[in-house]
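Q: Below is the structure I would like to discuss, written out as structure tokens.
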Amino acid sequence: MTDNNDPHIPHVRRRTVLLGTGATAAALTVGAVNAKDAVTAEDADAGLTPGPNPDRTVPVAAAAVCTLTKELTEGPYYLDGALVRADITEDKPGIPLELALTVVDDATCAPLNEALVELWHCDALGEYSGFVGNNGHDEPDNGTFLRGGTLTGGDGVARISTIYPGWYRGRCVHLHVKVHTDVTLTSDGSFSGGEELHTGQLFIDEAITTAVARVSPYSANTVPRTTLAQDGIYGNGGAAAGLMTVTGSATAGYTGSLTLGVQG
């Protein structure tokens, strides 16, 4: 099942967001540099490379690590009421994936404290909790595995433990992400209220996924795998579309990082 190009699938409202690889954006001082050292998102879309233009300046932070992009679709598998927790694995088998996602204000690159970063993704067999069976596998479904979120600290970083995602028909490997502010933590371990600032997706380099697909339990997923280059949502967008910096191995596990700049 795919969450792209389906008229019955709700899409989130469009909003400009700012993404940069790593966690360096929060430490940058915003100033101005000559545009010969940077290129705007519009230029990049047009295939232009940096060149002299004394009349145009851009923020240092934007020039160094930030790329303007649009939000990506929420997809059909979102569920309200996600638990606030740093580990969303719930004993699901798979290769460990430790994430450090930094949330910054796009105007200043200052880190956002107590922003809730929410994730959801499929398991090694391509099944989402609450929708098990859509990828052709029969397994227990409690409606909560591989779903949840945690608050950023004063450094703007949200750290979440999960497993490397699998894949389902029509989509490349990805994780879904939302950023909320001013939420209220509830007695049942979830959250309510606040403002949703960003909805997007996180992606991983194809070479890493190729290695992961060879090992159990991922090797048991016989659904044809869509690559990044074939995926209609990723669109070869690099960090602008959520491509994380990921290090590690299929035996030791992986760490992934990305800076998400949002309009507060």
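Following the order of the structure tokens, first chain is A, next is B, and so on, with residues numbered from 1 inside each chain and ligands from 1 in the order they appear.
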Would you list the contacts of A:Ile88 as a JSON list (two decimals) with C-alpha atoms, in the first residue's frame, taking every protein, DNA or RNA residue within 6 Å and counting only C-alpha atoms, but skipping same-chain residues closer than 3 positions in sequence?

A:
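Contents of out_23.json, as written:
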[["chain", "number", "residue", "atom", "x", "y", "z"],
["A", 146, "LEU", "CA", 6.96, 2.11, 16.75],
["A", 147, "ARG", "CA", 4.94, 5.20, 17.65],
["A", 148, "GLY", "CA", 5.68, 7.96, 20.14],
["A", 162, "THR", "CA", 13.72, 2.75, 17.71]]

Q: Find the residues around A:Glu118 up to 12 Å (only C-alpha atoms counted), leave out those fewer than 6 positions away in its own chain, and share them as a ChimeraX atom specification.

A: /A:74,78-88,99,101,103,146-152,158-161,175-181,183,190-191,196-202

Q: In stretch 49-158 of chain A, what's strand (DSSP E or B) per DSSP? Answer as a VMD selection string?

A: chain A and resid 57 to 59 67 to 70 84 87 96 to 105 111 116 to 120 147 to 151 157 to 158

Q: Would you output that residue set with N, CA and C atoms, as a short mmCIF file (atom, residue, chain, number, x, y, z; two decimals), in the first residue's frame?

A:
data_model
loop_
_atom_site.label_atom_id
_atom_site.label_comp_id
_atom_site.auth_asym_id
_atom_site.auth_seq_id
_atom_site.Cartn_x
_atom_site.Cartn_y
_atom_site.Cartn_z
N THR A 57 22.13 38.89 -0.01
CA THR A 57 22.77 38.29 1.14
C THR A 57 21.82 37.31 1.78
N VAL A 58 22.36 36.33 2.47
CA VAL A 58 21.54 35.33 3.16
C VAL A 58 22.11 35.13 4.55
N PRO A 59 21.30 34.64 5.49
CA PRO A 59 21.81 34.38 6.83
C PRO A 59 22.94 33.37 6.81
N THR A 67 18.41 24.28 4.19
CA THR A 67 17.83 24.25 2.86
C THR A 67 16.32 24.40 2.98
N LEU A 68 15.76 25.34 2.24
CA LEU A 68 14.32 25.54 2.29
C LEU A 68 13.62 24.43 1.51
N THR A 69 12.52 23.96 2.06
CA THR A 69 11.77 22.90 1.40
C THR A 69 10.32 22.97 1.81
N LYS A 70 9.49 22.14 1.21
CA LYS A 70 8.09 22.03 1.59
C LYS A 70 7.91 20.85 2.53
N VAL A 84 4.15 9.66 24.96
CA VAL A 84 5.36 10.46 25.11
C VAL A 84 6.40 9.59 25.78
N ASP A 87 11.73 5.75 24.00
CA ASP A 87 11.95 4.47 23.33
C ASP A 87 10.61 3.98 22.79
N PRO A 96 18.90 -1.80 15.91
CA PRO A 96 18.69 -0.57 16.68
C PRO A 96 19.01 0.69 15.87
N LEU A 97 18.20 1.71 16.05
CA LEU A 97 18.41 3.01 15.42
C LEU A 97 18.21 4.08 16.48
N GLU A 98 19.27 4.80 16.81
CA GLU A 98 19.22 5.88 17.79
C GLU A 98 19.21 7.21 17.06
N LEU A 99 18.17 8.01 17.31
CA LEU A 99 17.99 9.26 16.58
C LEU A 99 18.24 10.47 17.47
N ALA A 100 18.88 11.47 16.92
CA ALA A 100 19.05 12.77 17.57
C ALA A 100 18.54 13.82 16.59
N LEU A 101 17.35 14.34 16.85
CA LEU A 101 16.71 15.29 15.96
C LEU A 101 16.68 16.66 16.64
N THR A 102 17.30 17.62 16.00
CA THR A 102 17.42 18.96 16.57
C THR A 102 16.40 19.88 15.94
N VAL A 103 15.61 20.56 16.77
CA VAL A 103 14.59 21.48 16.29
C VAL A 103 15.05 22.91 16.55
N VAL A 104 15.06 23.72 15.49
CA VAL A 104 15.48 25.11 15.62
C VAL A 104 14.44 26.02 14.98
N ASP A 105 14.45 27.28 15.44
CA ASP A 105 13.62 28.31 14.83
C ASP A 105 14.26 28.73 13.51
N PRO A 111 17.76 26.96 19.14
CA PRO A 111 17.08 25.69 19.45
C PRO A 111 15.76 25.94 20.17
N LEU A 116 7.76 18.96 21.11
CA LEU A 116 7.53 17.53 21.07
C LEU A 116 7.80 17.02 19.65
N VAL A 117 8.76 16.10 19.54
CA VAL A 117 9.07 15.47 18.26
C VAL A 117 8.43 14.08 18.26
N GLU A 118 7.48 13.88 17.36
CA GLU A 118 6.70 12.64 17.29
C GLU A 118 7.10 11.84 16.06
N LEU A 119 7.31 10.53 16.25
CA LEU A 119 7.69 9.64 15.15
C LEU A 119 6.69 8.49 15.03
N TRP A 120 6.55 7.99 13.82
CA TRP A 120 5.86 6.72 13.60
C TRP A 120 6.42 6.12 12.30
N ARG A 147 5.60 3.90 17.64
CA ARG A 147 4.94 5.20 17.65
C ARG A 147 5.26 5.91 18.96
N GLY A 148 5.47 7.20 18.92
CA GLY A 148 5.68 7.96 20.14
C GLY A 148 6.55 9.18 19.88
N GLY A 149 6.78 9.93 20.93
CA GLY A 149 7.58 11.14 20.80
C GLY A 149 8.15 11.57 22.13
N THR A 150 9.04 12.52 22.07
CA THR A 150 9.66 13.03 23.29
C THR A 150 9.95 14.52 23.13
N LEU A 151 10.13 15.19 24.25
CA LEU A 151 10.38 16.62 24.25
C LEU A 151 11.85 16.93 24.02
N VAL A 157 17.41 19.28 21.14
CA VAL A 157 17.57 17.91 20.65
C VAL A 157 16.55 16.98 21.29
N ALA A 158 15.88 16.19 20.46
CA ALA A 158 15.02 15.11 20.91
C ALA A 158 15.72 13.80 20.56
#

Q: Can you pull out the residues contacting A:Ser129? Cut-off 6 Å, using only C-alpha atoms, and skip same-chain residues under 3 positions away; I want them as a ChimeraX atom specification.

A: /A:132,141,143-145

Q: Which residues, written as an mmCIF file with all heavy atoms, in the first residue's frame, have at least one atom at most 9 Å from A:Asn134, with only C-alpha atoms counted and residues fewer than 5 positions away on the same chain left out?

A:
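Result file out_14.cif:
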data_model
loop_
_atom_site.group_PDB
_atom_site.id
_atom_site.type_symbol
_atom_site.label_atom_id
_atom_site.label_comp_id
_atom_site.auth_asym_id
_atom_site.auth_seq_id
_atom_site.Cartn_x
_atom_site.Cartn_y
_atom_site.Cartn_z
ATOM 1 N N MET A 1 0.853 -1.194 0.000
ATOM 2 C CA MET A 1 0.000 0.000 0.000
ATOM 3 C C MET A 1 0.883 1.236 0.000
ATOM 4 O O MET A 1 1.897 1.302 0.665
ATOM 5 C CB MET A 1 -0.895 -0.001 1.229
ATOM 6 C CG MET A 1 -1.894 1.145 1.244
ATOM 7 S SD MET A 1 -3.102 0.934 2.580
ATOM 8 C CE MET A 1 -4.156 2.304 2.243
ATOM 9 N N GLY A 126 7.314 -4.195 7.243
ATOM 10 C CA GLY A 126 6.533 -3.176 6.548
ATOM 11 C C GLY A 126 5.152 -2.935 7.108
ATOM 12 O O GLY A 126 4.300 -2.322 6.437
ATOM 13 N N GLU A 127 4.905 -3.374 8.345
ATOM 14 C CA GLU A 127 3.583 -3.218 8.954
ATOM 15 C C GLU A 127 3.581 -2.082 9.981
ATOM 16 O O GLU A 127 4.510 -1.964 10.785
ATOM 17 C CB GLU A 127 3.154 -4.520 9.633
ATOM 18 C CG GLU A 127 3.100 -5.732 8.710
ATOM 19 C CD GLU A 127 1.947 -5.697 7.722
ATOM 20 O OE1 GLU A 127 1.087 -4.795 7.844
ATOM 21 O OE2 GLU A 127 1.906 -6.569 6.837
ATOM 22 N N TYR A 128 2.534 -1.260 9.946
ATOM 23 C CA TYR A 128 2.334 -0.197 10.926
ATOM 24 C C TYR A 128 1.404 -0.686 12.030
ATOM 25 O O TYR A 128 0.399 -1.363 11.748
ATOM 26 C CB TYR A 128 1.688 1.025 10.271
ATOM 27 C CG TYR A 128 2.606 1.900 9.470
ATOM 28 C CD1 TYR A 128 2.895 1.592 8.148
ATOM 29 C CD2 TYR A 128 3.162 3.055 10.015
ATOM 30 C CE1 TYR A 128 3.718 2.411 7.392
ATOM 31 C CE2 TYR A 128 3.991 3.879 9.271
ATOM 32 C CZ TYR A 128 4.266 3.556 7.956
ATOM 33 O OH TYR A 128 5.090 4.363 7.212
ATOM 34 N N TYR A 168 7.259 -1.056 2.651
ATOM 35 C CA TYR A 168 6.016 -1.619 2.132
ATOM 36 C C TYR A 168 5.865 -1.200 0.681
ATOM 37 O O TYR A 168 6.618 -0.354 0.185
ATOM 38 C CB TYR A 168 4.810 -1.207 2.978
ATOM 39 C CG TYR A 168 4.638 0.284 3.189
ATOM 40 C CD1 TYR A 168 3.750 1.016 2.406
ATOM 41 C CD2 TYR A 168 5.340 0.942 4.190
ATOM 42 C CE1 TYR A 168 3.575 2.376 2.605
ATOM 43 C CE2 TYR A 168 5.170 2.301 4.407
ATOM 44 C CZ TYR A 168 4.292 3.013 3.605
ATOM 45 O OH TYR A 168 4.124 4.350 3.800
#

Q: May I ask for the distance between atom CA of A:Ala252 and atom CA of A:Tyr164, given in Å to one decimal place?

A: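 Computed distance, atom CA of A:Ala252 to atom CA of A:Tyr164, equals 12.0 Å.
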
Q: What is the distance, in Å and to one decimal place, between atom CA of A:Leu112 and atom CA of A:Ser187?

A: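 Taking atom CA of A:Leu112 and atom CA of A:Ser187, their separation equals 24.1 Å.
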
Q: Report, in Å to a single decimal, how far apart atom CA of A:Ala207 and atom CA of A:Asn135 are.

A: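 Straight-line distance from atom CA of A:Asn135 to atom CA of A:Ala207 works out to 23.2 Å.
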
Q: So which residues of stretch 145-241 of chain A fall under alpha helix (DSSP H) by DSSP, listed as an MDAnalysis selection string?

A: chainID A and resid 206:212
